[in-house]
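Note: the block below is input.cif and it holds mmCIF, C-alpha atoms.
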data_upload
#
loop_
_atom_site.label_atom_id
_atom_site.label_comp_id
_atom_site.auth_asym_id
_atom_site.auth_seq_id
_atom_site.Cartn_x
_atom_site.Cartn_y
_atom_site.Cartn_z
CA MET P 1 -50.13 -92.70 -112.73
CA LYS P 2 -50.38 -89.19 -114.12
CA LYS P 3 -46.87 -88.46 -112.83
CA LEU P 4 -45.31 -91.54 -114.45
CA LEU P 5 -42.60 -89.88 -116.55
CA PHE P 6 -42.13 -87.06 -114.04
CA LEU P 7 -41.12 -89.62 -111.42
CA GLY P 8 -38.79 -91.30 -113.85
CA LEU P 9 -37.10 -88.05 -114.66
CA LEU P 10 -36.82 -87.12 -110.99
CA LEU P 11 -34.23 -89.88 -110.77
CA ALA P 12 -32.06 -87.33 -112.48
CA THR P 13 -32.17 -84.55 -109.94
CA LEU P 14 -29.86 -85.97 -107.30
CA GLN P 15 -26.54 -84.18 -107.58
CA VAL P 16 -24.67 -81.33 -105.87
CA GLY P 17 -21.14 -79.87 -105.88
CA PHE P 18 -18.62 -79.79 -108.72
CA ALA P 19 -17.11 -82.68 -110.64
CA GLN P 20 -13.94 -82.66 -112.73
CA ASN P 21 -15.17 -84.74 -115.67
CA SER P 22 -18.32 -85.12 -117.72
CA SER P 23 -20.43 -88.04 -116.49
CA PHE P 24 -22.22 -88.78 -119.79
CA LYS P 25 -21.69 -88.79 -123.55
CA ASP P 26 -23.47 -88.99 -126.90
CA GLY P 27 -25.38 -92.26 -127.21
CA GLU P 28 -26.22 -92.78 -123.53
CA TRP P 29 -29.62 -94.45 -123.02
CA PHE P 30 -31.62 -95.54 -119.96
CA LYS P 31 -34.83 -97.53 -119.61
CA PHE P 32 -36.85 -97.69 -116.39
CA LYS P 33 -39.63 -100.05 -115.36
CA MET P 34 -42.48 -98.72 -113.21
CA SER P 35 -44.51 -100.73 -110.69
CA TYR P 36 -47.57 -99.66 -108.71
CA SER P 37 -47.96 -100.59 -105.03
CA GLY P 38 -45.05 -103.02 -105.24
CA PHE P 39 -46.51 -105.62 -107.59
CA LEU P 40 -48.51 -104.23 -110.54
CA LYS P 41 -46.45 -103.26 -113.59
CA ALA P 42 -47.35 -99.70 -114.47
CA GLY P 43 -45.21 -98.68 -117.44
CA ASN P 44 -41.80 -97.68 -118.74
CA ALA P 45 -39.71 -94.55 -119.23
CA THR P 46 -36.59 -93.91 -121.32
CA LEU P 47 -33.93 -91.19 -121.58
CA SER P 48 -31.58 -90.85 -124.56
CA VAL P 49 -28.73 -88.43 -125.38
CA LYS P 50 -27.63 -87.27 -128.83
CA GLU P 51 -25.16 -84.59 -129.91
CA THR P 52 -26.62 -82.19 -132.49
CA ASP P 53 -26.73 -78.55 -133.60
CA LEU P 54 -29.32 -75.90 -132.72
CA GLY P 55 -29.06 -72.62 -134.63
CA GLY P 56 -25.33 -73.06 -135.09
CA THR P 57 -24.68 -73.96 -131.44
CA PRO P 58 -23.48 -77.47 -130.47
CA VAL P 59 -26.06 -78.92 -128.09
CA TYR P 60 -27.12 -82.16 -126.48
CA HIS P 61 -30.60 -83.26 -127.50
CA VAL P 62 -32.21 -85.39 -124.81
CA VAL P 63 -35.53 -87.17 -125.34
CA GLY P 64 -37.52 -88.55 -122.42
CA LYS P 65 -40.50 -90.83 -123.05
CA GLY P 66 -42.99 -92.41 -120.67
CA TRP P 67 -45.91 -94.75 -121.27
CA THR P 68 -48.23 -97.06 -119.35
CA THR P 69 -48.34 -100.81 -120.02
CA GLY P 70 -50.38 -103.86 -119.11
CA MET P 71 -53.62 -103.49 -117.18
CA ILE P 72 -52.87 -99.89 -116.17
CA LYS P 73 -53.10 -98.56 -119.73
CA TRP P 74 -56.65 -99.88 -120.13
CA PHE P 75 -58.05 -97.50 -117.50
CA PHE P 76 -55.39 -94.75 -117.51
CA LYS P 77 -53.28 -94.46 -120.65
CA VAL P 78 -50.12 -92.34 -120.55
CA ASN P 79 -47.99 -91.45 -123.56
CA ASP P 80 -45.59 -88.60 -122.73
CA ARG P 81 -42.65 -87.09 -124.58
CA TYR P 82 -40.21 -84.52 -123.19
CA GLU P 83 -37.25 -83.00 -125.05
CA SER P 84 -34.44 -80.68 -124.03
CA TYR P 85 -31.76 -78.97 -126.10
CA PHE P 86 -28.92 -77.69 -123.91
CA ASP P 87 -25.46 -76.24 -124.51
CA GLN P 88 -22.63 -78.79 -124.65
CA GLN P 89 -20.34 -76.53 -122.60
CA THR P 90 -22.55 -74.77 -120.05
CA LEU P 91 -25.33 -77.40 -120.05
CA LEU P 92 -27.88 -74.56 -119.89
CA PRO P 93 -31.07 -75.22 -121.90
CA TYR P 94 -32.12 -73.33 -125.02
CA LYS P 95 -35.28 -75.26 -125.85
CA PHE P 96 -37.71 -77.54 -124.02
CA VAL P 97 -40.63 -79.53 -125.46
CA ARG P 98 -43.50 -81.14 -123.56
CA ASN P 99 -46.05 -83.19 -125.50
CA ILE P 100 -48.17 -85.40 -123.26
CA TYR P 101 -51.28 -87.56 -123.17
CA GLU P 102 -52.37 -88.61 -119.67
CA GLY P 103 -55.75 -90.27 -119.36
CA GLY P 104 -57.36 -87.94 -121.89
CA TYR P 105 -55.54 -84.83 -120.64
CA THR P 106 -53.19 -83.39 -123.25
CA LYS P 107 -50.57 -80.65 -123.34
CA ASN P 108 -48.31 -79.59 -126.18
CA LEU P 109 -45.91 -76.71 -125.59
CA THR P 110 -42.44 -75.48 -126.49
CA ILE P 111 -40.25 -73.23 -124.33
CA GLU P 112 -37.42 -71.15 -125.82
CA PHE P 113 -34.94 -69.96 -123.17
CA ASP P 114 -33.14 -66.63 -123.47
CA GLN P 115 -30.43 -67.25 -120.88
CA LYS P 116 -28.77 -63.84 -121.44
CA ASN P 117 -31.93 -61.82 -120.77
CA GLN P 118 -33.42 -64.31 -118.31
CA LYS P 119 -36.63 -64.93 -120.26
CA ALA P 120 -38.68 -67.99 -121.17
CA HIS P 121 -40.83 -67.75 -124.30
CA VAL P 122 -43.65 -70.29 -124.02
CA ASP P 123 -45.62 -71.43 -127.07
CA ASP P 124 -48.77 -73.28 -126.00
CA ILE P 125 -49.36 -75.07 -129.29
CA LYS P 126 -52.57 -76.74 -128.17
CA HIS P 127 -54.29 -73.40 -127.39
CA ASN P 128 -52.26 -71.27 -129.83
CA VAL P 129 -51.12 -68.93 -127.03
CA GLN P 130 -47.65 -67.38 -126.77
CA SER P 131 -46.36 -65.92 -123.49
CA THR P 132 -43.08 -64.60 -122.05
CA PHE P 133 -41.95 -65.05 -118.44
CA ASP P 134 -39.04 -63.82 -116.35
CA THR P 135 -36.68 -66.55 -115.16
CA LYS P 136 -33.90 -66.88 -112.62
CA PRO P 137 -30.25 -66.73 -113.79
CA ASN P 138 -28.92 -70.00 -115.23
CA ILE P 139 -32.40 -71.52 -115.26
CA GLN P 140 -32.79 -75.22 -116.00
CA ASP P 141 -35.67 -77.23 -117.40
CA MET P 142 -36.87 -80.51 -115.91
CA VAL P 143 -34.78 -82.67 -118.24
CA SER P 144 -31.57 -80.62 -118.50
CA THR P 145 -31.37 -80.58 -114.69
CA PHE P 146 -30.43 -84.27 -114.80
CA TYR P 147 -27.36 -83.74 -116.95
CA TYR P 148 -26.34 -80.39 -115.49
CA LEU P 149 -26.23 -81.78 -111.98
CA ARG P 150 -24.63 -85.09 -112.93
CA ASN P 151 -21.70 -83.05 -114.18
CA ASN P 152 -21.51 -81.06 -110.95
CA LEU P 153 -21.24 -83.68 -108.27
CA ASN P 154 -18.40 -84.11 -105.81
CA THR P 155 -19.29 -87.08 -103.64
CA ASP P 156 -16.22 -86.55 -101.46
CA LYS P 157 -17.82 -83.41 -100.01
CA LEU P 158 -21.30 -84.83 -99.36
CA GLU P 159 -22.39 -85.30 -95.76
CA PRO P 160 -25.71 -86.77 -94.61
CA GLY P 161 -28.17 -83.92 -94.14
CA ASP P 162 -26.63 -81.71 -96.84
CA GLU P 163 -29.24 -79.95 -98.98
CA VAL P 164 -29.11 -78.42 -102.45
CA THR P 165 -31.52 -76.25 -104.41
CA ILE P 166 -31.69 -75.50 -108.12
CA ASP P 167 -33.96 -73.17 -110.10
CA ILE P 168 -36.16 -74.90 -112.69
CA PHE P 169 -38.71 -73.43 -115.11
CA PHE P 170 -41.57 -75.81 -115.89
CA ASP P 171 -44.67 -74.99 -117.96
CA GLN P 172 -45.18 -71.36 -116.88
CA GLU P 173 -43.53 -71.19 -113.47
CA ASN P 174 -40.17 -70.96 -111.72
CA TYR P 175 -39.52 -73.62 -109.11
CA GLY P 176 -36.91 -73.81 -106.38
CA PHE P 177 -36.29 -77.55 -106.24
CA LYS P 178 -34.65 -78.83 -103.05
CA LEU P 179 -33.30 -82.23 -102.08
CA LYS P 180 -31.44 -83.71 -99.13
CA TYR P 181 -28.55 -86.18 -99.16
CA LEU P 182 -29.29 -89.14 -96.86
CA GLY P 183 -26.04 -91.09 -97.14
CA LYS P 184 -24.50 -94.11 -98.87
CA ASP P 185 -26.32 -97.36 -99.54
CA ARG P 186 -25.90 -100.63 -101.44
CA ILE P 187 -29.01 -101.80 -103.27
CA GLU P 188 -30.00 -104.96 -105.11
CA THR P 189 -30.84 -104.41 -108.79
CA ASP P 190 -31.49 -106.54 -111.87
CA PHE P 191 -27.76 -106.29 -112.61
CA GLY P 192 -26.45 -107.14 -109.13
CA GLU P 193 -25.63 -105.11 -106.02
CA ILE P 194 -24.62 -101.50 -106.69
CA ASP P 195 -23.12 -98.91 -104.36
CA ALA P 196 -25.44 -95.92 -104.36
CA LEU P 197 -26.02 -92.44 -103.01
CA LYS P 198 -29.42 -91.95 -101.39
CA PHE P 199 -31.44 -88.72 -101.58
CA ARG P 200 -34.78 -87.28 -100.54
CA PRO P 201 -36.30 -84.50 -102.66
CA TYR P 202 -38.93 -82.21 -101.19
CA VAL P 203 -42.17 -82.27 -103.16
CA MET P 204 -45.48 -80.48 -102.78
CA ALA P 205 -47.85 -82.50 -100.60
CA GLY P 206 -51.45 -82.77 -101.72
CA ARG P 207 -53.35 -84.56 -104.43
CA VAL P 208 -50.48 -86.71 -105.73
CA PHE P 209 -47.94 -87.11 -102.90
CA LYS P 210 -48.76 -87.90 -99.27
CA GLU P 211 -46.31 -85.41 -97.83
CA GLU P 212 -43.23 -83.32 -98.63
CA GLU P 213 -40.86 -86.22 -97.92
CA SER P 214 -42.71 -88.83 -100.01
CA LEU P 215 -39.83 -89.59 -102.40
CA THR P 216 -36.62 -91.55 -101.92
CA LEU P 217 -34.03 -91.78 -104.71
CA TRP P 218 -30.80 -93.65 -105.42
CA VAL P 219 -27.98 -92.99 -107.94
CA SER P 220 -24.84 -95.05 -108.52
CA ASN P 221 -21.84 -93.97 -106.47
CA ASP P 222 -19.43 -93.87 -109.41
CA LYS P 223 -18.39 -91.50 -112.22
CA ASN P 224 -21.55 -92.19 -114.24
CA LYS P 225 -24.04 -91.19 -111.51
CA VAL P 226 -26.60 -93.56 -113.04
CA PRO P 227 -30.17 -93.08 -111.76
CA LEU P 228 -31.06 -96.46 -110.24
CA ARG P 229 -34.32 -96.28 -108.32
CA ILE P 230 -37.07 -94.07 -106.99
CA LYS P 231 -39.79 -94.88 -104.48
CA ALA P 232 -42.81 -92.60 -104.13
CA ASP P 233 -45.64 -92.69 -101.60
CA LEU P 234 -48.67 -91.36 -103.46
CA ALA P 235 -52.01 -90.09 -102.18
CA VAL P 236 -53.32 -93.51 -103.26
CA GLY P 237 -50.83 -96.39 -103.27
CA SER P 238 -47.15 -96.12 -104.15
CA LEU P 239 -44.97 -96.04 -107.26
CA ARG P 240 -41.50 -97.45 -107.83
CA ALA P 241 -39.17 -96.96 -110.79
CA ASP P 242 -36.10 -99.18 -111.35
CA LEU P 243 -33.37 -99.06 -113.98
CA GLU P 244 -34.07 -101.96 -116.35
CA ALA P 245 -31.60 -101.44 -119.19
CA PHE P 246 -28.82 -99.09 -120.25
CA LYS P 247 -26.18 -98.51 -122.93
CA GLY P 248 -23.60 -95.94 -123.94
CA LEU P 249 -22.23 -95.18 -120.47
CA LYS P 250 -19.06 -93.11 -120.45
CA TYR P 251 -17.39 -95.10 -117.67
CA PRO P 252 -17.53 -98.78 -116.57
CA PHE P 253 -20.57 -99.59 -114.44
CA GLN P 254 -19.47 -100.82 -111.03
CA ILE P 255 -21.59 -103.86 -110.08
CA HIS P 256 -21.03 -106.38 -107.26
CA ILE P 257 -21.89 -109.89 -108.46
CA ASN P 258 -22.89 -112.31 -105.71
#

I need this file expressed as structure tokens, please.
Amino acid sequence: MKKLLFLGLLLATLQVGFAQNSSFKDGEWFKFKMSYSGFLKAGNATLSVKETDLGGTPVYHVVGKGWTTGMIKWFFKVNDRYESYFDQQTLLPYKFVRNIYEGGYTKNLTIEFDQKNQKAHVDDIKHNVQSTFDTKPNIQDMVSTFYYLRNNLNTDKLEPGDEVTIDIFFDQENYGFKLKYLGKDRIETDFGEIDALKFRPYVMAGRVFKEEESLTLWVSNDKNKVPLRIKADLAVGSLRADLEAFKGLKYPFQIHIN
């Protein structure tokens, strides 16, 4: 369960290409429910968007939260908070915050991005250590990736087997994140049947995931590109995240009612 919020946020990283219109707006909010091995409720995660100002620059401030619930929290408590401040025009991040509690393990750090000089200034608040790292051009953080890619999707050009990569800086490292488009699908949700796009991200096999292709993800096949579901085969058991509630969507949500 240590990757609870991470899996929720991975619902975001499903898009490729270029779209003509923004897919989100100020006030958008998602809530996801997590279940372990198909039956045990594991926790919840939320994502919220707010327009604000950072040092005189108009930005979107996104807050992602994740926490365990029910029986799970009694033997492995998670209480995570992620924040991203990214430019309203370019959607490139200026600031990223990670403050987590995962079964007694804690981390509290802030990353300031210098996009012009391709640097990431990391302040490890817990250990009072400041470091600077080189980054790739147009680097994203884990949260801003969601919104950057949602705004750059052209579903008309997607073909099964297409792959996309994007450079992400997380903690103290650059990552080349890659995912594959699997095709169109229609899935049953709490709201009804929804037409979706299905993806498979490549993850690092090992202690958490069984193998590189352990994740399957779905987003709505409409202008919103709403993250709907993720399934993950873990080293022990499996984890599933489903959209449970939402508000503030920019476009009507296309749902098929039986």

For this session: Specify as a VMD selection string each residue included when the PyMOL selection byres ((chain P and resi 25-41) around 6) is applied to this file.
Result: chain P and resid 24 42 to 51 237 to 250

Please give the centre and size of the box around stretch 129-137 of chain P (axis-aligned, containing every atom listed in the file, 3 Å added per side), with values in Å to one decimal and written as lines of an AutoDock Vina configuration file.
center_x = -40.7
center_y = -66.4
center_z = -119.8
size_x = 26.9
size_y = 11.1
size_z = 20.4

For this session: Starting from the displayed file, determine the output of the PyMOL selection byres ((chain P and resi 112-125) around 8) and express the residue list as a PyMOL selection string.
Result: chain P and resi 92-96+108-111+126-139+171-172

For this session: Pick out the closest residue to P:Asp156 from this set: P:Leu197, P:Tyr202, P:Ile187, P:Met142. Count all atoms listed in the file.
Result: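 Closest to P:Asp156 of all the choices is P:Leu197.
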
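Proximity to P:Phe191 was assessed for P:Ile257, P:Arg150, P:Glu159, P:Lys231 counting all atoms listed in the file; the smallest distance is recorded for P:Ile257.
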
Exercise. How far is it from atom CA of P:Val143 to atom CA of P:Lys223, in Å with one decimal?
Worked result: 19.6 Å

Exercise. For this file, the PyMOL selection byres ((chain P and resi 73) around 12) selects which residues, as a ChimeraX atom specification?
Worked result: /P:1-2,4,40-44,66-72,74-79,101-104

Exercise. For P:Arg186, which of P:Gln254, P:Thr57, P:Asn174, P:Gln140 is the closest residue, counting all atoms listed in the file?
Worked result: P:Gln254

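Taking only C-alpha atoms into account, P:Lys178 lies nearest to P:Pro201 out of the set P:Gly192, P:Gly161, P:Gly56, P:Pro201.
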
Exercise. Could you pull the residues within 9 Å of P:Tyr60, counting all atoms listed in the file, minus those fewer than 2 positions along the same chain, as a PyMOL selection string?
Worked result: chain P and resi 26+49-53+58+62+84-88+91

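Going from atom CA of P:Gly176 over to atom CA of P:Phe146, you cover 14.9 Å.
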
Problem set entry | Long-range neighbours of P:Tyr82 as a VMD selection string, 7 Å cut-off, only C-alpha atoms, 5 positions minimum in chain | chain P and resid 63 to 65 97 to 99

Problem set entry | Atom-to-atom span, atom CA of P:Tyr148 and atom CA of P:Asp190, Å |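 Interatomic distance here is 26.9 Å.
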
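Of the listed residues P:Tyr251, P:Asn152, P:Thr145, P:Ile100, the one whose atoms come nearest to P:Phe177 is P:Thr145, with distances taken using all atoms listed in the file.
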
P:Lys180: which residues within 6 Å, counting all atoms listed in the file, same-chain residues fewer than 5 positions away excluded, as an mmCIF file with C-alpha atoms, in the coordinates of the input?
data_model
loop_
_atom_site.group_PDB
_atom_site.id
_atom_site.type_symbol
_atom_site.label_atom_id
_atom_site.label_comp_id
_atom_site.auth_asym_id
_atom_site.auth_seq_id
_atom_site.Cartn_x
_atom_site.Cartn_y
_atom_site.Cartn_z
ATOM 1 C CA GLY P 161 -28.170 -83.920 -94.140
ATOM 2 C CA ASP P 162 -26.630 -81.710 -96.840
ATOM 3 C CA GLU P 163 -29.240 -79.950 -98.980
ATOM 4 C CA PHE P 199 -31.440 -88.720 -101.580
ATOM 5 C CA ARG P 200 -34.780 -87.280 -100.540
#

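Near P:Phe253, within a cut-off of 12 Å and counting only C-alpha atoms, sit the residues Ser23, Phe191, Gly192, Glu193, Ile194, Asp195, Ala196, Val219, Ser220, Asn221, Asp222, Lys223, Asn224, Lys225, Val226, Pro227, Leu228, Phe246, Lys247 and Gly248 of chain P, with same-chain residues fewer than 5 positions away left out.
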